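Engineer: Just so it is clear, I am handing over coords_15.cif, which has mmCIF, C-alpha atoms and all ligand atoms.
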data_entry
loop_
_atom_site.label_atom_id
_atom_site.label_comp_id
_atom_site.auth_asym_id
_atom_site.auth_seq_id
_atom_site.Cartn_x
_atom_site.Cartn_y
_atom_site.Cartn_z
CA MET A 1 46.33 6.88 0.09
CA ALA A 2 44.71 4.12 2.13
CA ASP A 3 44.36 0.70 0.51
CA PRO A 4 40.87 0.03 -0.86
CA VAL A 5 38.61 -2.16 1.25
CA ILE A 6 39.03 -5.81 0.24
CA TYR A 7 35.65 -7.41 -0.45
CA LEU A 8 35.55 -10.91 1.03
CA ASP A 9 31.83 -11.25 1.63
CA HIS A 10 30.77 -13.26 -1.41
CA GLN A 11 28.37 -15.39 0.63
CA ALA A 12 26.35 -12.23 1.29
CA THR A 13 26.32 -11.28 -2.36
CA THR A 14 28.46 -11.23 -5.49
CA PRO A 15 29.11 -8.45 -8.01
CA CYS A 16 26.92 -8.63 -11.08
CA GLU A 17 29.20 -9.59 -14.00
CA PRO A 18 29.52 -6.88 -16.68
CA ALA A 19 28.53 -9.45 -19.34
CA VAL A 20 25.34 -10.08 -17.35
CA VAL A 21 24.59 -6.36 -17.14
CA GLN A 22 25.15 -6.18 -20.91
CA ALA A 23 22.78 -9.10 -21.59
CA MET A 24 20.09 -7.41 -19.49
CA ALA A 25 20.54 -3.94 -21.07
CA PRO A 26 18.09 -4.08 -24.00
CA TRP A 27 15.27 -5.42 -21.83
CA TRP A 28 14.90 -2.35 -19.60
CA SER A 29 14.02 0.57 -21.88
CA GLU A 30 14.11 -0.65 -25.49
CA GLN A 31 12.30 -3.97 -25.29
CA PHE A 32 10.29 -3.26 -22.18
CA ALA A 33 6.99 -4.99 -23.02
CA ASN A 34 5.22 -7.26 -20.59
CA PRO A 35 5.71 -10.92 -21.56
CA ALA A 36 2.08 -11.53 -20.60
CA SER A 37 0.96 -9.17 -23.41
CA ARG A 38 0.34 -11.76 -26.08
CA SER A 39 -1.62 -9.47 -28.38
CA HIS A 40 1.37 -7.57 -29.81
CA ARG A 41 4.82 -8.26 -31.16
CA PRO A 42 6.89 -6.54 -28.39
CA GLY A 43 5.04 -8.65 -25.79
CA LEU A 44 5.66 -11.81 -27.76
CA LEU A 45 9.36 -10.95 -28.06
CA ALA A 46 9.61 -10.45 -24.29
CA ALA A 47 7.82 -13.77 -23.73
CA ALA A 48 10.24 -15.46 -26.11
CA ALA A 49 13.20 -14.03 -24.16
CA VAL A 50 11.75 -15.38 -20.91
CA GLU A 51 11.19 -18.81 -22.42
CA GLN A 52 14.68 -18.87 -23.89
CA ALA A 53 16.14 -18.03 -20.48
CA ARG A 54 13.93 -20.64 -18.82
CA GLY A 55 15.16 -23.24 -21.33
CA GLN A 56 18.82 -22.34 -20.72
CA ILE A 57 18.40 -22.54 -16.95
CA ALA A 58 16.54 -25.85 -17.23
CA THR A 59 19.23 -27.35 -19.46
CA ALA A 60 21.97 -26.15 -17.10
CA LEU A 61 20.22 -27.83 -14.16
CA GLY A 62 19.21 -30.99 -16.04
CA VAL A 63 15.44 -30.46 -15.69
CA GLU A 64 12.50 -29.71 -18.00
CA PRO A 65 11.68 -26.01 -18.63
CA ALA A 66 8.28 -26.52 -16.92
CA ALA A 67 10.16 -27.25 -13.68
CA VAL A 68 11.61 -23.71 -13.54
CA VAL A 69 9.43 -21.25 -11.59
CA PHE A 70 10.75 -17.69 -11.37
CA THR A 71 10.60 -15.94 -7.99
CA SER A 72 12.14 -12.80 -6.51
CA GLY A 73 14.99 -14.78 -4.95
CA ALA A 74 15.76 -17.69 -2.68
CA THR A 75 13.71 -16.33 0.23
CA GLU A 76 10.57 -16.38 -1.88
CA ALA A 77 11.45 -19.72 -3.47
CA ASN A 78 11.84 -21.23 0.02
CA ASN A 79 8.52 -19.78 1.14
CA LEU A 80 6.76 -21.11 -1.95
CA ALA A 81 8.33 -24.54 -1.52
CA LEU A 82 7.69 -24.96 2.20
CA LYS A 83 4.38 -23.18 2.75
CA GLY A 84 3.17 -24.19 -0.71
CA LEU A 85 3.76 -27.87 -0.03
CA ALA A 86 2.19 -27.74 3.44
CA GLU A 87 -0.88 -25.90 2.18
CA ALA A 88 -1.28 -28.29 -0.75
CA GLU A 89 -1.21 -31.20 1.70
CA LEU A 90 -4.01 -29.58 3.72
CA GLN A 91 -6.03 -28.86 0.58
CA ALA A 92 -5.67 -32.45 -0.62
CA GLY A 93 -6.92 -33.74 2.74
CA GLY A 94 -3.56 -35.42 3.43
CA SER A 95 -2.56 -36.28 6.97
CA ARG A 96 1.20 -35.60 6.97
CA ARG A 97 1.92 -32.82 9.43
CA HIS A 98 5.57 -33.33 10.42
CA LEU A 99 8.36 -31.19 8.96
CA LEU A 100 12.11 -31.53 9.50
CA CYS A 101 15.09 -29.29 8.86
CA LEU A 102 18.57 -28.79 10.28
CA SER A 103 19.05 -26.30 13.11
CA THR A 104 21.70 -24.64 10.90
CA GLU A 105 19.35 -23.72 8.06
CA HIS A 106 19.15 -20.12 6.82
CA ARG A 107 16.42 -17.96 8.34
CA ALA A 108 14.69 -18.05 4.95
CA VAL A 109 13.97 -21.72 5.67
CA LEU A 110 13.69 -21.66 9.48
CA ASP A 111 11.17 -18.81 9.60
CA PRO A 112 8.62 -20.25 7.13
CA LEU A 113 8.89 -23.64 8.87
CA ARG A 114 8.43 -22.04 12.31
CA TYR A 115 5.45 -20.19 10.89
CA LEU A 116 3.97 -23.53 9.82
CA SER A 117 4.66 -24.97 13.27
CA ARG A 118 2.35 -22.26 14.67
CA HIS A 119 -0.34 -23.29 12.18
CA GLY A 120 -0.95 -26.97 12.73
CA PHE A 121 2.38 -28.52 11.69
CA GLU A 122 5.06 -30.01 13.90
CA LEU A 123 8.68 -29.07 13.27
CA THR A 124 11.87 -30.95 14.16
CA GLU A 125 15.00 -28.79 14.00
CA LEU A 126 17.66 -31.47 13.93
CA ALA A 127 20.89 -30.67 15.78
CA VAL A 128 24.21 -31.13 13.97
CA PRO A 129 27.62 -32.13 15.36
CA ALA A 130 30.56 -29.70 15.43
CA SER A 131 31.34 -30.58 11.81
CA GLY A 132 28.06 -28.95 10.77
CA LEU A 133 27.33 -32.04 8.67
CA VAL A 134 24.05 -33.88 9.11
CA ASP A 135 24.17 -37.21 10.95
CA LEU A 136 22.27 -39.40 8.48
CA GLU A 137 21.46 -42.06 11.05
CA GLN A 138 19.89 -39.47 13.35
CA LEU A 139 18.02 -37.96 10.44
CA GLY A 140 16.62 -41.39 9.51
CA GLN A 141 15.52 -41.97 13.11
CA GLN A 142 13.59 -38.69 13.17
CA LEU A 143 11.51 -39.49 10.09
CA ARG A 144 7.96 -40.67 10.72
CA PRO A 145 5.01 -41.90 8.66
CA SER A 146 3.58 -38.40 9.16
CA THR A 147 6.67 -36.60 7.82
CA LEU A 148 5.68 -34.47 4.85
CA LEU A 149 8.92 -32.69 4.12
CA VAL A 150 12.65 -32.56 4.85
CA SER A 151 14.51 -29.33 4.11
CA VAL A 152 18.31 -29.36 4.09
CA MET A 153 20.48 -26.72 2.46
CA ALA A 154 23.15 -27.74 -0.06
CA ALA A 155 25.89 -25.43 1.24
CA ASN A 156 25.74 -23.54 4.51
CA ASN A 157 25.89 -19.78 4.04
CA GLU A 158 28.05 -19.23 7.12
CA ILE A 159 30.39 -22.19 7.37
CA GLY A 160 30.18 -23.46 3.79
CA VAL A 161 29.85 -27.16 4.60
CA LEU A 162 28.22 -29.30 1.92
CA GLN A 163 25.48 -31.69 2.97
CA PRO A 164 25.13 -35.22 1.49
CA LEU A 165 22.13 -34.43 -0.69
CA GLY A 166 21.91 -37.75 -2.54
CA ALA A 167 21.82 -39.75 0.70
CA ILE A 168 19.18 -37.46 2.23
CA ALA A 169 17.07 -37.75 -0.92
CA GLU A 170 17.27 -41.53 -0.72
CA LEU A 171 16.06 -41.55 2.91
CA CYS A 172 13.15 -39.33 1.87
CA ARG A 173 12.21 -41.16 -1.31
CA ALA A 174 11.95 -44.51 0.49
CA ARG A 175 9.33 -42.99 2.80
CA GLY A 176 7.36 -40.86 0.33
CA ILE A 177 8.72 -37.67 1.91
CA ARG A 178 9.37 -34.57 -0.19
CA PHE A 179 12.92 -33.20 -0.12
CA HIS A 180 13.46 -29.45 -0.37
CA CYS A 181 16.98 -28.08 -0.73
CA ASP A 182 18.01 -24.44 -0.36
CA GLY A 183 20.70 -24.26 -3.01
CA ALA A 184 21.28 -20.49 -2.80
CA GLN A 185 24.96 -20.86 -1.84
CA ALA A 186 25.63 -23.91 -3.99
CA VAL A 187 24.21 -23.47 -7.49
CA GLY A 188 26.97 -22.15 -9.74
CA HIS A 189 29.63 -23.06 -7.15
CA ILE A 190 29.44 -26.87 -7.07
CA PRO A 191 27.95 -29.31 -9.59
CA LEU A 192 24.28 -29.69 -8.56
CA GLN A 193 21.71 -31.47 -10.70
CA PRO A 194 18.46 -31.72 -8.69
CA ALA A 195 16.78 -34.47 -10.73
CA GLU A 196 19.88 -36.65 -10.63
CA LEU A 197 20.17 -36.22 -6.85
CA GLY A 198 16.46 -36.82 -6.16
CA ILE A 199 15.69 -33.28 -4.94
CA ASP A 200 11.97 -32.47 -5.26
CA LEU A 201 12.28 -28.73 -4.69
CA LEU A 202 15.43 -26.61 -5.18
CA SER A 203 15.73 -22.89 -4.40
CA LEU A 204 18.36 -20.69 -5.98
CA SER A 205 19.20 -17.00 -6.21
CA ALA A 206 20.94 -15.06 -9.01
CA HIS A 207 22.83 -12.59 -6.80
CA LYS A 208 24.81 -15.39 -5.16
CA LEU A 209 26.22 -16.41 -8.55
CA TYR A 210 27.29 -13.08 -10.07
CA GLY A 211 23.81 -12.23 -11.33
CA PRO A 212 21.33 -9.49 -10.43
CA LYS A 213 19.54 -9.11 -7.10
CA GLY A 214 15.80 -9.70 -7.05
CA ILE A 215 15.50 -12.88 -9.10
CA GLY A 216 15.61 -16.54 -8.21
CA VAL A 217 14.08 -19.86 -9.13
CA LEU A 218 12.23 -22.65 -7.46
CA VAL A 219 12.85 -25.88 -9.35
CA VAL A 220 9.79 -28.10 -8.91
CA ALA A 221 10.07 -31.78 -9.81
CA PRO A 222 7.26 -33.32 -11.88
CA GLY A 223 4.38 -34.56 -9.72
CA VAL A 224 5.02 -32.16 -6.81
CA THR A 225 1.91 -30.09 -6.05
CA LEU A 226 2.26 -26.65 -4.44
CA ALA A 227 -0.32 -24.10 -3.37
CA PRO A 228 0.62 -20.63 -4.71
CA GLN A 229 1.65 -18.12 -2.08
CA LEU A 230 1.09 -15.02 -4.23
CA HIS A 231 -2.32 -14.50 -5.80
CA GLY A 232 -3.14 -12.07 -8.56
CA GLY A 233 -2.39 -13.56 -11.95
CA SER A 234 -1.80 -16.79 -13.80
CA GLN A 235 1.94 -16.33 -14.46
CA GLU A 236 4.31 -19.24 -13.84
CA GLN A 237 1.62 -21.90 -14.31
CA GLY A 238 -0.51 -20.19 -11.67
CA LEU A 239 2.21 -20.78 -9.04
CA ARG A 240 3.55 -17.25 -8.77
CA ALA A 241 1.46 -14.25 -9.75
CA GLY A 242 3.08 -11.01 -10.89
CA SER A 243 4.60 -9.51 -14.04
CA LEU A 244 7.85 -11.24 -14.87
CA PRO A 245 11.04 -9.12 -14.62
CA VAL A 246 12.41 -9.86 -18.09
CA PRO A 247 15.83 -8.18 -17.63
CA LEU A 248 16.48 -10.02 -14.37
CA ILE A 249 15.43 -13.36 -15.88
CA VAL A 250 17.73 -12.82 -18.87
CA GLY A 251 20.49 -11.84 -16.42
CA LEU A 252 20.00 -14.95 -14.30
CA ALA A 253 20.31 -17.21 -17.34
CA LYS A 254 23.50 -15.45 -18.43
CA ALA A 255 25.01 -15.48 -14.93
CA LEU A 256 24.30 -19.20 -14.55
CA GLU A 257 25.87 -19.93 -17.94
CA LEU A 258 29.02 -18.03 -16.96
CA ALA A 259 29.13 -19.55 -13.47
CA LEU A 260 28.94 -23.08 -14.80
CA ALA A 261 31.54 -22.34 -17.49
CA ASP A 262 34.29 -21.38 -15.03
CA GLN A 263 33.04 -23.33 -11.99
CA PRO A 264 35.68 -26.10 -11.82
CA ALA A 265 38.62 -23.76 -12.48
CA ARG A 266 37.24 -21.09 -10.12
CA ALA A 267 36.74 -23.60 -7.32
CA GLN A 268 40.29 -24.90 -7.74
CA ARG A 269 41.79 -21.40 -7.71
CA LEU A 270 39.72 -20.17 -4.77
CA GLU A 271 40.43 -23.27 -2.71
CA ALA A 272 44.15 -22.57 -3.07
CA LEU A 273 43.59 -18.91 -2.05
CA ARG A 274 41.37 -19.97 0.84
CA GLU A 275 44.15 -22.23 2.15
CA GLN A 276 46.65 -19.41 1.66
CA LEU A 277 44.44 -17.26 3.88
CA TRP A 278 44.07 -20.03 6.47
CA HIS A 279 47.83 -20.57 6.64
CA GLY A 280 48.27 -16.80 6.88
CA ILE A 281 46.18 -16.55 10.04
CA GLU A 282 46.47 -19.91 11.78
CA GLY A 283 50.04 -19.01 12.82
CA LEU A 284 48.54 -16.53 15.29
CA GLY A 285 47.61 -19.53 17.43
CA GLY A 286 44.17 -20.04 18.91
CA VAL A 287 42.49 -19.80 15.51
CA HIS A 288 39.80 -22.43 14.94
CA ARG A 289 38.01 -23.38 11.74
CA ASN A 290 34.26 -23.52 12.17
CA GLY A 291 32.68 -26.57 10.56
CA ALA A 292 34.34 -29.46 8.78
CA ALA A 293 37.32 -28.59 6.58
CA ALA A 294 35.74 -30.80 3.92
CA PRO A 295 33.39 -31.14 2.17
CA ARG A 296 32.88 -27.41 1.95
CA LEU A 297 32.64 -24.60 -0.56
CA ALA A 298 36.05 -23.83 -1.99
CA HIS A 299 35.59 -20.10 -1.38
CA ASN A 300 34.48 -20.18 2.26
CA LEU A 301 36.55 -19.93 5.43
CA ASN A 302 34.95 -19.39 8.82
CA VAL A 303 37.08 -19.14 11.98
CA TRP A 304 36.81 -18.06 15.57
CA ILE A 305 39.78 -16.51 17.29
CA GLU A 306 40.75 -16.91 20.94
CA GLY A 307 41.67 -13.99 23.14
CA VAL A 308 39.87 -11.24 21.26
CA GLU A 309 36.51 -9.61 21.76
CA GLY A 310 34.26 -9.88 18.70
CA SER A 311 33.11 -6.29 18.37
CA ALA A 312 36.63 -4.90 18.96
CA LEU A 313 37.97 -7.19 16.21
CA GLN A 314 35.25 -6.02 13.81
CA ARG A 315 36.08 -2.39 14.55
CA GLN A 316 39.77 -2.95 13.82
CA LEU A 317 39.10 -4.78 10.54
CA ARG A 318 36.26 -2.65 9.18
CA PRO A 319 38.48 0.01 7.48
CA HIS A 320 40.33 -2.71 5.59
CA LEU A 321 38.10 -5.73 4.99
CA ALA A 322 34.48 -6.27 3.95
CA ILE A 323 33.82 -9.52 5.76
CA SER A 324 31.00 -10.89 7.81
CA SER A 325 31.22 -11.49 11.54
CA GLY A 326 29.68 -14.25 13.58
CA SER A 327 26.82 -11.92 14.32
CA ALA A 328 26.22 -10.37 10.91
CA CYS A 329 23.22 -12.45 9.94
CA SER A 330 21.15 -11.80 12.99
CA GLN A 331 21.33 -8.12 13.83
CA GLY A 332 23.90 -8.30 16.58
CA GLU A 333 22.86 -11.68 17.94
CA PRO A 334 25.65 -14.29 17.76
CA SER A 335 25.06 -16.66 14.85
CA HIS A 336 22.58 -19.49 15.49
CA VAL A 337 24.66 -21.65 13.14
CA LEU A 338 27.87 -21.25 15.15
CA GLN A 339 26.03 -21.80 18.41
CA ALA A 340 24.48 -24.96 16.92
CA LEU A 341 28.05 -26.22 16.35
CA GLY A 342 28.68 -25.85 20.08
CA LEU A 343 30.37 -22.44 20.21
CA SER A 344 29.52 -20.20 23.14
CA ARG A 345 27.97 -16.80 22.45
CA GLN A 346 31.31 -15.18 23.12
CA GLN A 347 33.20 -17.56 20.80
CA ALA A 348 30.58 -17.13 18.10
CA SER A 349 30.84 -13.36 18.30
CA ALA A 350 34.62 -13.62 17.75
CA ALA A 351 34.04 -15.43 14.45
CA LEU A 352 34.95 -14.16 10.99
CA ARG A 353 33.52 -15.40 7.71
CA PHE A 354 35.66 -14.93 4.64
CA GLY A 355 33.87 -15.42 1.33
CA LEU A 356 36.25 -15.31 -1.61
CA GLY A 357 35.05 -14.63 -5.14
CA ARG A 358 35.77 -14.79 -8.84
CA HIS A 359 37.82 -11.59 -8.79
CA THR A 360 39.70 -12.15 -5.51
CA THR A 361 43.48 -12.02 -6.04
CA ALA A 362 46.40 -13.62 -4.23
CA ALA A 363 47.68 -10.13 -3.31
CA GLU A 364 44.34 -9.31 -1.67
CA ILE A 365 44.49 -12.53 0.32
CA ASP A 366 48.01 -11.74 1.55
CA ARG A 367 46.87 -8.26 2.59
CA ALA A 368 43.75 -9.63 4.29
CA ALA A 369 45.84 -12.11 6.29
CA GLU A 370 48.21 -9.31 7.35
CA ARG A 371 45.31 -7.14 8.49
CA VAL A 372 43.90 -9.97 10.61
CA GLN A 373 47.35 -10.67 12.08
CA GLU A 374 47.83 -7.00 12.97
CA ALA A 375 44.36 -6.62 14.47
CA VAL A 376 44.49 -9.79 16.55
CA SER A 377 48.03 -9.13 17.79
CA ALA A 378 47.12 -5.57 18.80
CA LEU A 379 43.98 -6.68 20.63
CA ARG A 380 45.76 -9.49 22.42
CA ARG A 381 48.54 -7.13 23.54
CA ALA A 382 45.95 -4.71 24.88
C1 LIG A 401 21.28 -20.20 2.13
C2 LIG A 401 20.51 -18.99 1.76
N1 LIG A 401 19.20 -19.08 1.55
C3 LIG A 401 18.45 -18.02 1.22
C4 LIG A 401 19.01 -16.78 1.08
C5 LIG A 401 18.15 -15.61 0.70
O1 LIG A 401 18.31 -15.37 -0.68
P1 LIG A 401 17.67 -14.09 -1.39
O2 LIG A 401 18.52 -12.93 -1.02
O3 LIG A 401 17.73 -14.43 -2.85
O4 LIG A 401 16.27 -13.98 -0.93
C6 LIG A 401 20.38 -16.63 1.30
C7 LIG A 401 21.01 -15.30 1.19
O5 LIG A 401 21.44 -14.72 2.16
C8 LIG A 401 21.15 -17.76 1.64
O6 LIG A 401 22.45 -17.67 1.88
#
Can the structure from this file be put into structure tokens for me?
Structural biologist:
Amino acid sequence: MADPVIYLDHQATTPCEPAVVQAMAPWWSEQFANPASRSHRPGLLAAAAVEQARGQIATALGVEPAAVVFTSGATEANNLALKGLAEAELQAGGSRRHLLCLSTEHRAVLDPLRYLSRHGFELTELAVPASGLVDLEQLGQQLRPSTLLVSVMAANNEIGVLQPLGAIAELCRARGIRFHCDGAQAVGHIPLQPAELGIDLLSLSAHKLYGPKGIGVLVVAPGVTLAPQLHGGSQEQGLRAGSLPVPLIVGLAKALELALADQPARAQRLEALREQLWHGIEGLGGVHRNGAAAPRLAHNLNVWIEGVEGSALQRQLRPHLAISSGSACSQGEPSHVLQALGLSRQQASAALRFGLGRHTTAAEIDRAAERVQEAVSALRRA
């Protein structure tokens, strides 16, 4: 029998932990009431479960419960943060119209910002060097009196590099600029306390940290005003209309608790496995790491490989490995992140992203390295 496919795509999504599924179970069919129904006991119980989860998440992130706004995921949290802040500025009669992000941001940040740039705002997409790490001096030079917002992700979803959030926050704070951080790939994987770092707006997503799909949070610092982007009810302090998904919220709180509990040990173990994988494939020669080796997520390795054609490599690996290619995020187009690092389209399309996870084993990593060796050797011979 063929070996099972090895899942190494944990930046795309993670499996929902059985303990999380168990925590969510009663809230689907038994205790199904709407937490907005305050006139009966089942509704009040659902509301209490939501507030308990909100409190747990707030404590885990070092913020007040009122700072936690539930959304459908990081995409929606980013939209609420970016468009909500810009619209609030317009409504308040403010004059700041300049927005800045890195050219390597996720589409869930780039697209809302580009939308705003078509509606009266000016956007700077700051280039990054081959390391993928922001040049703080360049960032400082690009800030203006009219800058409203800087958005920089905590951990890059493709190359895993970790941006210097505290230093960026300091540059922003000194100029009265709001700092938004897309933390989808970072929360639960590295220590990240938004208030301590000076982050005004932090987006996160449960399915990136072994929780359910369809739930996320925007953490909003006190004093930050946003215009709601969904209208239709007064839920979430009027910031996000719509009935709250109680099971998903309970699941997010549980997943975050579990992720923070094993985070240091998991990172240490996965970093060792990640290096085992790197050493397993670098011997092929012509294998290049994309982005700085450090600081980066312990469970991410992104490489491009000389002398092979991207789509042929994918075809060879597909029966054995669930990994993402340099073109996976953009429907066949080579990754904008890898191209921003200076890779050509052809190099970027011969890239592989390995995302290790909580349940990845050393045996799987050995097998994955062998599969890559076999595929690359065969393609080079041909
Ligand atoms: C950095 C980053 N931001 C945002 C998202 C979107 O998150 P969600 O699936 O929760 O909308 C992702 C997921 O691909 C991501 O990696």
Engineer: Output the neighbourhood of ligand LIG 401 (chain A) as an NGL selection string, that is, all protein and nucleic acid residues with some atom at most 8 Å from the ligand, counting only C-alpha atoms and all ligand atoms.
Structural biologist: :A and (11-13 or 72-78 or 105-109 or 153 or 155-158 or 182-185 or 203-208 or 213-216)
Engineer: A:Ala265, A:Ala362, A:Leu230, A:Ala255: which is nearest Leu209 of chain A, counting all atoms listed in the file?
Structural biologist: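 The answer is A:Ala255, which sits nearest to Leu209 of chain A.
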Engineer: Have a look at atom CA of Leu321 of chain A and atom CA of Ala378 of chain A and let me know their distance in Å, one decimal.
Structural biologist: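 Taking atom CA of Leu321 of chain A as the start and atom CA of Ala378 of chain A as the end point, the length is 16.5 Å.
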Engineer: Name the residues in contact with segment 137-152 of chain A at a cut-off of 7 Å, using all atoms listed in the file, excluding same-chain residues fewer than 6 positions from it; report them as a list in words.
Structural biologist: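 Once the nearby chain positions are removed, what remains is Ser95, Arg96, Arg97, His98, Leu99, Leu100, Cys101, Leu102, Glu105, Leu171, Ile177, Arg178, Phe179, His180, Cys181 and Asp182 of chain A.
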Engineer: Let me make sure I understand: among A:Leu273, A:Val217, A:Val63, A:Leu239, which one has the smallest atom-to-atom distance to Ile199 of chain A if we use only C-alpha atoms?
Structural biologist: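 Among the listed residues, the smallest separation from Ile199 of chain A belongs to A:Val63.
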Engineer: Up to 10 Å from (-0.9, -27.1, -3.5) in the file's coordinates: name the residues, counting all atoms listed in the file, as JSON, numbers by chain.
Structural biologist: {"A": [80, 81, 83, 84, 85, 86, 87, 88, 89, 90, 91, 92, 224, 225, 226, 227, 228, 229, 239]}
Engineer: Record the distance separating atom CA of Trp278 of chain A and atom CA of Thr14 of chain A, expressed in Å with one decimal.
Structural biologist: 21.5 Å
Engineer: I'd like the contact shell of Ala253 of chain A - 12 Å cut-off, only C-alpha atoms, skipping same-chain residues fewer than 5 positions apart - returned as a compact mmCIF listing (two decimals) with C-alpha atoms, in the coordinates of the input.
Structural biologist:
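Output file around.txt follows:
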# COMPACT_ATOMS: atom_id res chain seq x y z
CA ALA A 19 28.53 -9.45 -19.34
CA VAL A 20 25.34 -10.08 -17.35
CA VAL A 21 24.59 -6.36 -17.14
CA ALA A 23 22.78 -9.10 -21.59
CA MET A 24 20.09 -7.41 -19.49
CA ALA A 49 13.20 -14.03 -24.16
CA VAL A 50 11.75 -15.38 -20.91
CA GLU A 51 11.19 -18.81 -22.42
CA GLN A 52 14.68 -18.87 -23.89
CA ALA A 53 16.14 -18.03 -20.48
CA ARG A 54 13.93 -20.64 -18.82
CA GLY A 55 15.16 -23.24 -21.33
CA GLN A 56 18.82 -22.34 -20.72
CA ILE A 57 18.40 -22.54 -16.95
CA ALA A 58 16.54 -25.85 -17.23
CA THR A 59 19.23 -27.35 -19.46
CA ALA A 60 21.97 -26.15 -17.10
CA LEU A 61 20.22 -27.83 -14.16
CA VAL A 68 11.61 -23.71 -13.54
CA PHE A 70 10.75 -17.69 -11.37
CA GLY A 188 26.97 -22.15 -9.74
CA SER A 205 19.20 -17.00 -6.21
CA ALA A 206 20.94 -15.06 -9.01
CA HIS A 207 22.83 -12.59 -6.80
CA LEU A 209 26.22 -16.41 -8.55
CA TYR A 210 27.29 -13.08 -10.07
CA GLY A 211 23.81 -12.23 -11.33
CA PRO A 212 21.33 -9.49 -10.43
CA ILE A 215 15.50 -12.88 -9.10
CA GLY A 216 15.61 -16.54 -8.21
CA VAL A 217 14.08 -19.86 -9.13
CA VAL A 246 12.41 -9.86 -18.09
CA PRO A 247 15.83 -8.18 -17.63
CA LEU A 248 16.48 -10.02 -14.37
CA LEU A 258 29.02 -18.03 -16.96
CA ALA A 259 29.13 -19.55 -13.47
CA LEU A 260 28.94 -23.08 -14.80
Engineer: Counting all atoms listed in the file, I want the residues whose atoms come within 10 Å of (26.5, -28.4, 11.9) in the file frame, returned as a VMD selection string.
Structural biologist: chain A and resid 102 to 105 126 to 135 156 159 161 163 290 to 292 337 to 342
Engineer: Could you take the residues named above and write them with C-alpha atoms, as a PDB file, in the frame of the given file?
Structural biologist:
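Saved file part28.pdb follows:
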ATOM      1  CA  LEU A 102      18.570 -28.790  10.280  1.00  0.00           C
ATOM      2  CA  SER A 103      19.050 -26.300  13.110  1.00  0.00           C
ATOM      3  CA  THR A 104      21.700 -24.640  10.900  1.00  0.00           C
ATOM      4  CA  GLU A 105      19.350 -23.720   8.060  1.00  0.00           C
ATOM      5  CA  LEU A 126      17.660 -31.470  13.930  1.00  0.00           C
ATOM      6  CA  ALA A 127      20.890 -30.670  15.780  1.00  0.00           C
ATOM      7  CA  VAL A 128      24.210 -31.130  13.970  1.00  0.00           C
ATOM      8  CA  PRO A 129      27.620 -32.130  15.360  1.00  0.00           C
ATOM      9  CA  ALA A 130      30.560 -29.700  15.430  1.00  0.00           C
ATOM     10  CA  SER A 131      31.340 -30.580  11.810  1.00  0.00           C
ATOM     11  CA  GLY A 132      28.060 -28.950  10.770  1.00  0.00           C
ATOM     12  CA  LEU A 133      27.330 -32.040   8.670  1.00  0.00           C
ATOM     13  CA  VAL A 134      24.050 -33.880   9.110  1.00  0.00           C
ATOM     14  CA  ASP A 135      24.170 -37.210  10.950  1.00  0.00           C
ATOM     15  CA  ASN A 156      25.740 -23.540   4.510  1.00  0.00           C
ATOM     16  CA  ILE A 159      30.390 -22.190   7.370  1.00  0.00           C
ATOM     17  CA  VAL A 161      29.850 -27.160   4.600  1.00  0.00           C
ATOM     18  CA  GLN A 163      25.480 -31.690   2.970  1.00  0.00           C
ATOM     19  CA  ASN A 290      34.260 -23.520  12.170  1.00  0.00           C
ATOM     20  CA  GLY A 291      32.680 -26.570  10.560  1.00  0.00           C
ATOM     21  CA  ALA A 292      34.340 -29.460   8.780  1.00  0.00           C
ATOM     22  CA  VAL A 337      24.660 -21.650  13.140  1.00  0.00           C
ATOM     23  CA  LEU A 338      27.870 -21.250  15.150  1.00  0.00           C
ATOM     24  CA  GLN A 339      26.030 -21.800  18.410  1.00  0.00           C
ATOM     25  CA  ALA A 340      24.480 -24.960  16.920  1.00  0.00           C
ATOM     26  CA  LEU A 341      28.050 -26.220  16.350  1.00  0.00           C
ATOM     27  CA  GLY A 342      28.680 -25.850  20.080  1.00  0.00           C
TER      28      GLY A 342
END
Engineer: Would you list the contacts of Arg114 of chain A as a list in words, taking every protein, DNA or RNA residue within 10 Å and counting only C-alpha atoms, but skipping same-chain residues closer than 6 positions in sequence?
Structural biologist: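 Final neighbour list, sorted by chain and number: Leu99, Arg107, Phe121, Glu122, Leu123, Thr124 and Glu125 of chain A.
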Engineer: For His189 of chain A, which residue out of A:Ala267, A:Val219, A:Leu379, A:Leu136 is the nearest one, using all atoms listed in the file?
Structural biologist: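 Looking only at the distances to His189 of chain A, the closest residue turns out to be A:Ala267.
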